[in-house]
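K.L.:
Sending over target25.cif (mmCIF, C-alpha atoms).
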data_data
loop_
_atom_site.label_atom_id
_atom_site.label_comp_id
_atom_site.auth_asym_id
_atom_site.auth_seq_id
_atom_site.Cartn_x
_atom_site.Cartn_y
_atom_site.Cartn_z
CA MET A 707 0.00 0.00 0.00
CA ALA A 708 1.34 3.40 -0.93
CA GLY A 709 2.43 5.65 1.90
CA ALA A 710 2.57 2.83 4.45
CA ARG A 711 6.05 2.34 5.81
CA LYS A 712 7.42 -0.49 7.83
CA PRO A 713 8.06 0.57 11.43
CA VAL A 714 11.47 0.44 13.06
CA VAL A 715 11.76 -3.01 14.61
CA GLU A 716 13.94 -3.92 17.57
CA VAL A 717 14.44 -7.65 18.09
CA ARG A 718 15.31 -8.74 21.60
CA ARG A 719 16.57 -12.28 22.04
CA SER A 720 16.20 -14.09 25.35
CA GLN A 721 17.93 -17.25 26.54
CA ARG A 722 15.06 -17.83 28.99
CA ARG A 723 12.43 -17.70 26.25
CA ARG A 724 11.97 -21.16 24.67
CA ARG A 725 9.02 -21.08 22.26
CA THR A 726 6.97 -17.94 22.75
CA VAL A 727 7.21 -14.81 20.65
CA SER A 728 5.60 -11.51 21.55
CA ALA A 729 5.62 -7.96 20.28
CA TYR A 730 4.55 -4.54 21.44
CA ARG A 731 4.82 -0.92 20.38
CA ASP A 732 7.25 1.34 22.18
CA GLY A 733 6.60 4.77 20.72
CA GLU A 734 7.32 4.64 17.01
CA ARG A 735 9.19 1.34 17.17
CA VAL A 736 8.01 -2.24 17.52
CA VAL A 737 9.82 -4.51 19.98
CA VAL A 738 9.73 -8.21 19.12
CA LEU A 739 10.78 -10.69 21.82
CA ILE A 740 12.04 -14.05 20.53
CA PRO A 741 13.96 -17.07 21.85
CA ASP A 742 17.74 -16.77 21.53
CA GLN A 743 18.04 -20.04 19.60
CA PHE A 744 15.94 -18.80 16.63
CA SER A 745 17.79 -18.66 13.32
CA ARG A 746 17.88 -15.43 11.29
CA ALA A 747 15.27 -16.93 8.94
CA GLU A 748 12.97 -17.74 11.88
CA GLU A 749 13.56 -14.25 13.26
CA SER A 750 12.58 -12.66 9.96
CA GLU A 751 9.48 -14.87 9.66
CA TRP A 752 8.37 -14.05 13.21
CA VAL A 753 8.99 -10.32 12.84
CA ASP A 754 6.70 -10.28 9.77
CA ARG A 755 4.11 -12.40 11.58
CA MET A 756 4.12 -10.17 14.68
CA LEU A 757 3.90 -6.97 12.61
CA ALA A 758 0.80 -8.43 10.93
CA ARG A 759 -0.71 -9.31 14.33
CA LEU A 760 -0.08 -5.82 15.67
CA ALA A 761 -1.63 -4.29 12.55
CA ALA A 762 -4.71 -6.49 12.95
CA ARG A 763 -5.03 -5.56 16.62
CA GLU A 764 -4.67 -1.86 15.84
CA GLY A 765 -7.34 -2.25 13.16
CA ARG A 766 -9.68 -3.56 15.85
CA LEU A 767 -8.80 -0.57 18.02
CA ALA A 768 -9.99 1.74 15.26
CA ARG A 769 -13.60 0.64 15.72
CA SER A 770 -16.05 3.43 15.00
CA ASP A 771 -19.04 4.84 16.85
CA ALA A 772 -21.21 3.73 13.92
CA GLU A 773 -20.02 0.13 14.35
CA LEU A 774 -20.74 0.40 18.07
CA LEU A 775 -24.31 1.58 17.37
CA ALA A 776 -24.82 -1.27 14.89
CA ARG A 777 -23.57 -3.71 17.52
CA ALA A 778 -25.99 -2.21 20.07
CA THR A 779 -28.88 -2.56 17.62
CA ARG A 780 -28.06 -6.23 17.09
CA LEU A 781 -27.85 -6.87 20.85
CA ILE A 782 -31.21 -5.15 21.45
CA LYS A 783 -32.86 -7.42 18.86
CA LEU A 784 -31.29 -10.51 20.38
CA TYR A 785 -31.74 -9.86 24.11
CA LEU A 786 -33.99 -6.86 24.80
CA ALA A 787 -36.53 -6.82 21.97
CA GLU A 788 -39.60 -6.90 24.23
CA HIS A 789 -38.58 -3.54 25.75
CA GLY A 790 -39.13 -1.70 22.47
CA THR A 791 -37.82 1.83 22.20
CA GLN A 792 -36.95 1.96 25.91
CA ALA A 793 -33.85 -0.13 25.14
CA VAL A 794 -32.79 2.02 22.16
CA PRO A 795 -30.08 4.54 23.00
CA THR A 796 -30.03 8.07 21.56
CA SER A 797 -26.28 7.73 21.09
CA VAL A 798 -23.52 5.18 21.63
CA ARG A 799 -19.91 6.27 21.40
CA TRP A 800 -16.35 5.47 22.35
CA VAL A 801 -14.80 7.85 24.89
CA THR A 802 -11.27 8.34 26.18
CA ASN A 803 -12.11 9.87 29.57
CA GLN A 804 -13.27 6.70 31.37
CA ASN A 805 -10.44 4.96 33.14
CA GLY A 806 -12.29 3.69 36.20
CA ARG A 807 -15.12 1.95 34.36
CA TRP A 808 -15.75 0.05 31.16
CA GLY A 809 -18.80 2.04 30.17
CA SER A 810 -21.52 4.35 31.40
CA CYS A 811 -25.13 5.10 30.64
CA THR A 812 -27.34 8.12 31.29
CA PRO A 813 -30.88 6.71 31.20
CA ASP A 814 -32.45 10.20 31.34
CA ASP A 815 -31.10 11.15 27.92
CA GLY A 816 -30.39 7.65 26.54
CA THR A 817 -26.67 8.11 25.99
CA ILE A 818 -24.13 5.33 26.33
CA ARG A 819 -20.40 5.80 26.48
CA ILE A 820 -17.92 2.92 26.21
CA SER A 821 -14.31 3.31 27.31
CA HIS A 822 -11.71 3.24 24.54
CA ARG A 823 -9.89 0.64 26.65
CA VAL A 824 -12.57 -1.89 25.61
CA GLN A 825 -11.90 -1.42 21.87
CA GLY A 826 -9.08 -3.95 21.71
CA LEU A 827 -10.89 -6.62 23.72
CA PRO A 828 -12.60 -9.61 22.09
CA ASP A 829 -15.98 -8.98 20.45
CA TRP A 830 -17.85 -11.10 23.01
CA VAL A 831 -16.48 -8.91 25.81
CA ILE A 832 -17.45 -5.72 23.97
CA ASP A 833 -20.93 -7.18 23.52
CA TYR A 834 -21.18 -7.82 27.25
CA VAL A 835 -20.11 -4.27 28.19
CA LEU A 836 -22.54 -2.83 25.66
CA LEU A 837 -25.43 -5.03 26.78
CA HIS A 838 -24.70 -4.08 30.40
CA GLU A 839 -25.09 -0.40 29.49
CA LEU A 840 -28.17 -1.06 27.33
CA ALA A 841 -29.79 -2.82 30.29
CA HIS A 842 -29.34 0.40 32.28
CA LEU A 843 -31.71 2.12 29.85
CA ILE A 844 -34.39 -0.24 31.18
CA VAL A 845 -33.23 -0.61 34.80
CA PRO A 846 -30.95 2.22 36.01
CA SER A 847 -29.70 0.42 39.14
CA HIS A 848 -27.81 -2.84 39.64
CA ASN A 849 -30.75 -4.71 41.14
CA ALA A 850 -31.91 -8.28 40.52
CA ARG A 851 -34.07 -7.24 37.53
CA PHE A 852 -31.06 -5.53 35.94
CA TRP A 853 -28.80 -8.56 36.40
CA ALA A 854 -31.52 -10.82 34.99
CA LEU A 855 -31.47 -8.75 31.79
CA VAL A 856 -27.67 -8.90 31.59
CA ALA A 857 -27.72 -12.66 32.24
CA ARG A 858 -29.59 -13.15 28.96
CA TYR A 859 -26.24 -12.76 27.28
CA PRO A 860 -24.81 -16.31 27.25
CA LYS A 861 -21.23 -15.22 27.89
CA SER A 862 -21.98 -12.69 30.62
CA GLU A 863 -20.22 -14.52 33.46
CA ARG A 864 -17.25 -15.34 31.26
CA ALA A 865 -16.99 -11.70 30.14
CA ARG A 866 -17.20 -10.43 33.73
CA GLY A 867 -14.35 -12.75 34.65
CA TYR A 868 -12.33 -11.59 31.66
CA LEU A 869 -12.83 -7.95 32.63
CA GLU A 870 -11.89 -8.69 36.24
CA GLY A 871 -8.69 -10.30 34.97
CA VAL A 872 -7.87 -7.32 32.75
CA ALA A 873 -8.47 -4.95 35.66
CA ALA A 874 -6.33 -7.03 38.02
CA ALA A 875 -3.49 -7.35 35.49
CA SER A 876 -3.44 -3.62 34.87
CA GLY A 877 -3.76 -2.78 38.56
CA THR A 878 -6.82 -0.69 37.80
CA PRO A 879 -9.62 -0.76 40.38
CA LEU A 880 -12.84 -0.61 38.40
CA THR A 881 -16.40 0.12 39.42
CA ASP A 882 -19.30 -2.01 38.20
#
Translate the structure described by the file into structure tokens.
P.N.:
Amino acid sequence: MAGARKPVVEVRRSQRRRRTVSAYRDGERVVVLIPDQFSRAEESEWVDRMLARLAAREGRLARSDAELLARATRLIKLYLAEHGTQAVPTSVRWVTNQNGRWGSCTPDDGTIRISHRVQGLPDWVIDYVLLHELAHLIVPSHNARFWALVARYPKSERARGYLEGVAAASGTPLTD
């Protein structure tokens, strides 16, 4: 693709690393961690593979507000259809100012905001966070009726566990 340039790549070899390869961005450069015993050919193959994975992940991070609204519409049809327009938000958008929660909802005006930190998570986790906020349009509090609505999502417990793990790994205390 024209205009796209390959990033600066720093390869770090480790004698302790046996099979795993990982990569992350550090500013403008990409750091690729590989086992020390890899040949130059294996190194080159893995650098290309990890650059492709990072590009795919960053593509997921570029999810739009329109995609989020479409996702919300699909979830309403699947899990909240009997609530009619009460479950339909006036707006759904990604925000960068929520670091202590995954999402928020203002039932009075029907707005839902989802933290940008959720963008790179698996789709089934995003669906859970979004359904959680959609349920607040129907039941503003976290009472039994609210949790019954959220429990309609088959992966709700799994997603809650995933989010708890992400929060614990990042050292971020999060509110429900």
K.L.:
Please compute the CA of Thr779 (chain A)-CA of Val845 (chain A) distance, one decimal, in Å.
P.N.:
17.8 Å
K.L.:
Excluding Gly806 (chain A) and any residue of its chain fewer than 2 positions from it, enumerate the residues within 12 Å of it, using all atoms listed in the file, and give them as an MDAnalysis selection string.
P.N.:
chainID A and resid 802:804 808:810 820:824 873 876:882
K.L.:
Could you dump the residues just selected with C-alpha atoms as a short mmCIF file (atom, residue, chain, number, x, y, z; two decimals), in the frame of the given file?
P.N.:
data_model
loop_
_atom_site.label_atom_id
_atom_site.label_comp_id
_atom_site.auth_asym_id
_atom_site.auth_seq_id
_atom_site.Cartn_x
_atom_site.Cartn_y
_atom_site.Cartn_z
CA THR A 802 -11.27 8.34 26.18
CA ASN A 803 -12.11 9.87 29.57
CA GLN A 804 -13.27 6.70 31.37
CA TRP A 808 -15.75 0.05 31.16
CA GLY A 809 -18.80 2.04 30.17
CA SER A 810 -21.52 4.35 31.40
CA ILE A 820 -17.92 2.92 26.21
CA SER A 821 -14.31 3.31 27.31
CA HIS A 822 -11.71 3.24 24.54
CA ARG A 823 -9.89 0.64 26.65
CA VAL A 824 -12.57 -1.89 25.61
CA ALA A 873 -8.47 -4.95 35.66
CA SER A 876 -3.44 -3.62 34.87
CA GLY A 877 -3.76 -2.78 38.56
CA THR A 878 -6.82 -0.69 37.80
CA PRO A 879 -9.62 -0.76 40.38
CA LEU A 880 -12.84 -0.61 38.40
CA THR A 881 -16.40 0.12 39.42
CA ASP A 882 -19.30 -2.01 38.20
#
K.L.:
When distances are computed from all atoms listed in the file, which of A:Leu843, A:Glu773, A:Pro828, A:Ser750 shows the smallest separation from Thr791 (chain A)?
P.N.:
A:Leu843
K.L.:
Which residues would end up in the selection if the PyMOL selection byres ((chain A and resi 859) around 12) were applied here, given that I need the answer as a VMD selection string?
P.N.:
chain A and resid 781 to 786 830 to 838 840 to 841 853 to 858 860 to 866
K.L.:
Take CA of Pro713 (chain A) and CA of Ser745 (chain A) and report the distance between them in Å, one decimal.
P.N.:
21.6 Å
K.L.:
CA of Pro813 (chain A) and CA of Trp800 (chain A) are how many Å apart?
P.N.:
17.1 Å
K.L.:
So, counting only C-alpha atoms, which residue among A:Arg799, A:Arg724, A:Lys712, A:Thr817 is closest to Ser770 (chain A)?
P.N.:
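Using only C-alpha atoms, the shortest distance to Ser770 (chain A) belongs to A:Arg799.
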K.L.:
With distances taken over all atoms listed in the file, which of A:Asp754, A:Val737, A:Ser728, A:Ser797 is nearest to Val715 (chain A)?
P.N.:
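Using all atoms listed in the file, the shortest distance to Val715 (chain A) belongs to A:Val737.
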K.L.:
Would you be able to write out as an MDAnalysis selection string which residues have an atom within 12 Å of (20.3, -14.1, 27.8) in the file's coordinates, counting only C-alpha atoms?
P.N.:
chainID A and resid 718:724 739:743
K.L.:
Please evaluate the PyMOL selection byres ((chain A and resi 814) around 12) against the structure above and give the resulting residues as a PDB file with C-alpha atoms, in the coordinates of the input.
P.N.:
ATOM      1  CA  GLN A 792     -36.950   1.960  25.910  1.00  0.00           C
ATOM      2  CA  PRO A 795     -30.080   4.540  23.000  1.00  0.00           C
ATOM      3  CA  THR A 796     -30.030   8.070  21.560  1.00  0.00           C
ATOM      4  CA  CYS A 811     -25.130   5.100  30.640  1.00  0.00           C
ATOM      5  CA  THR A 812     -27.340   8.120  31.290  1.00  0.00           C
ATOM      6  CA  PRO A 813     -30.880   6.710  31.200  1.00  0.00           C
ATOM      7  CA  ASP A 815     -31.100  11.150  27.920  1.00  0.00           C
ATOM      8  CA  GLY A 816     -30.390   7.650  26.540  1.00  0.00           C
ATOM      9  CA  THR A 817     -26.670   8.110  25.990  1.00  0.00           C
ATOM     10  CA  ILE A 818     -24.130   5.330  26.330  1.00  0.00           C
ATOM     11  CA  HIS A 842     -29.340   0.400  32.280  1.00  0.00           C
ATOM     12  CA  LEU A 843     -31.710   2.120  29.850  1.00  0.00           C
ATOM     13  CA  ILE A 844     -34.390  -0.240  31.180  1.00  0.00           C
ATOM     14  CA  VAL A 845     -33.230  -0.610  34.800  1.00  0.00           C
ATOM     15  CA  PRO A 846     -30.950   2.220  36.010  1.00  0.00           C
TER      16      PRO A 846
END
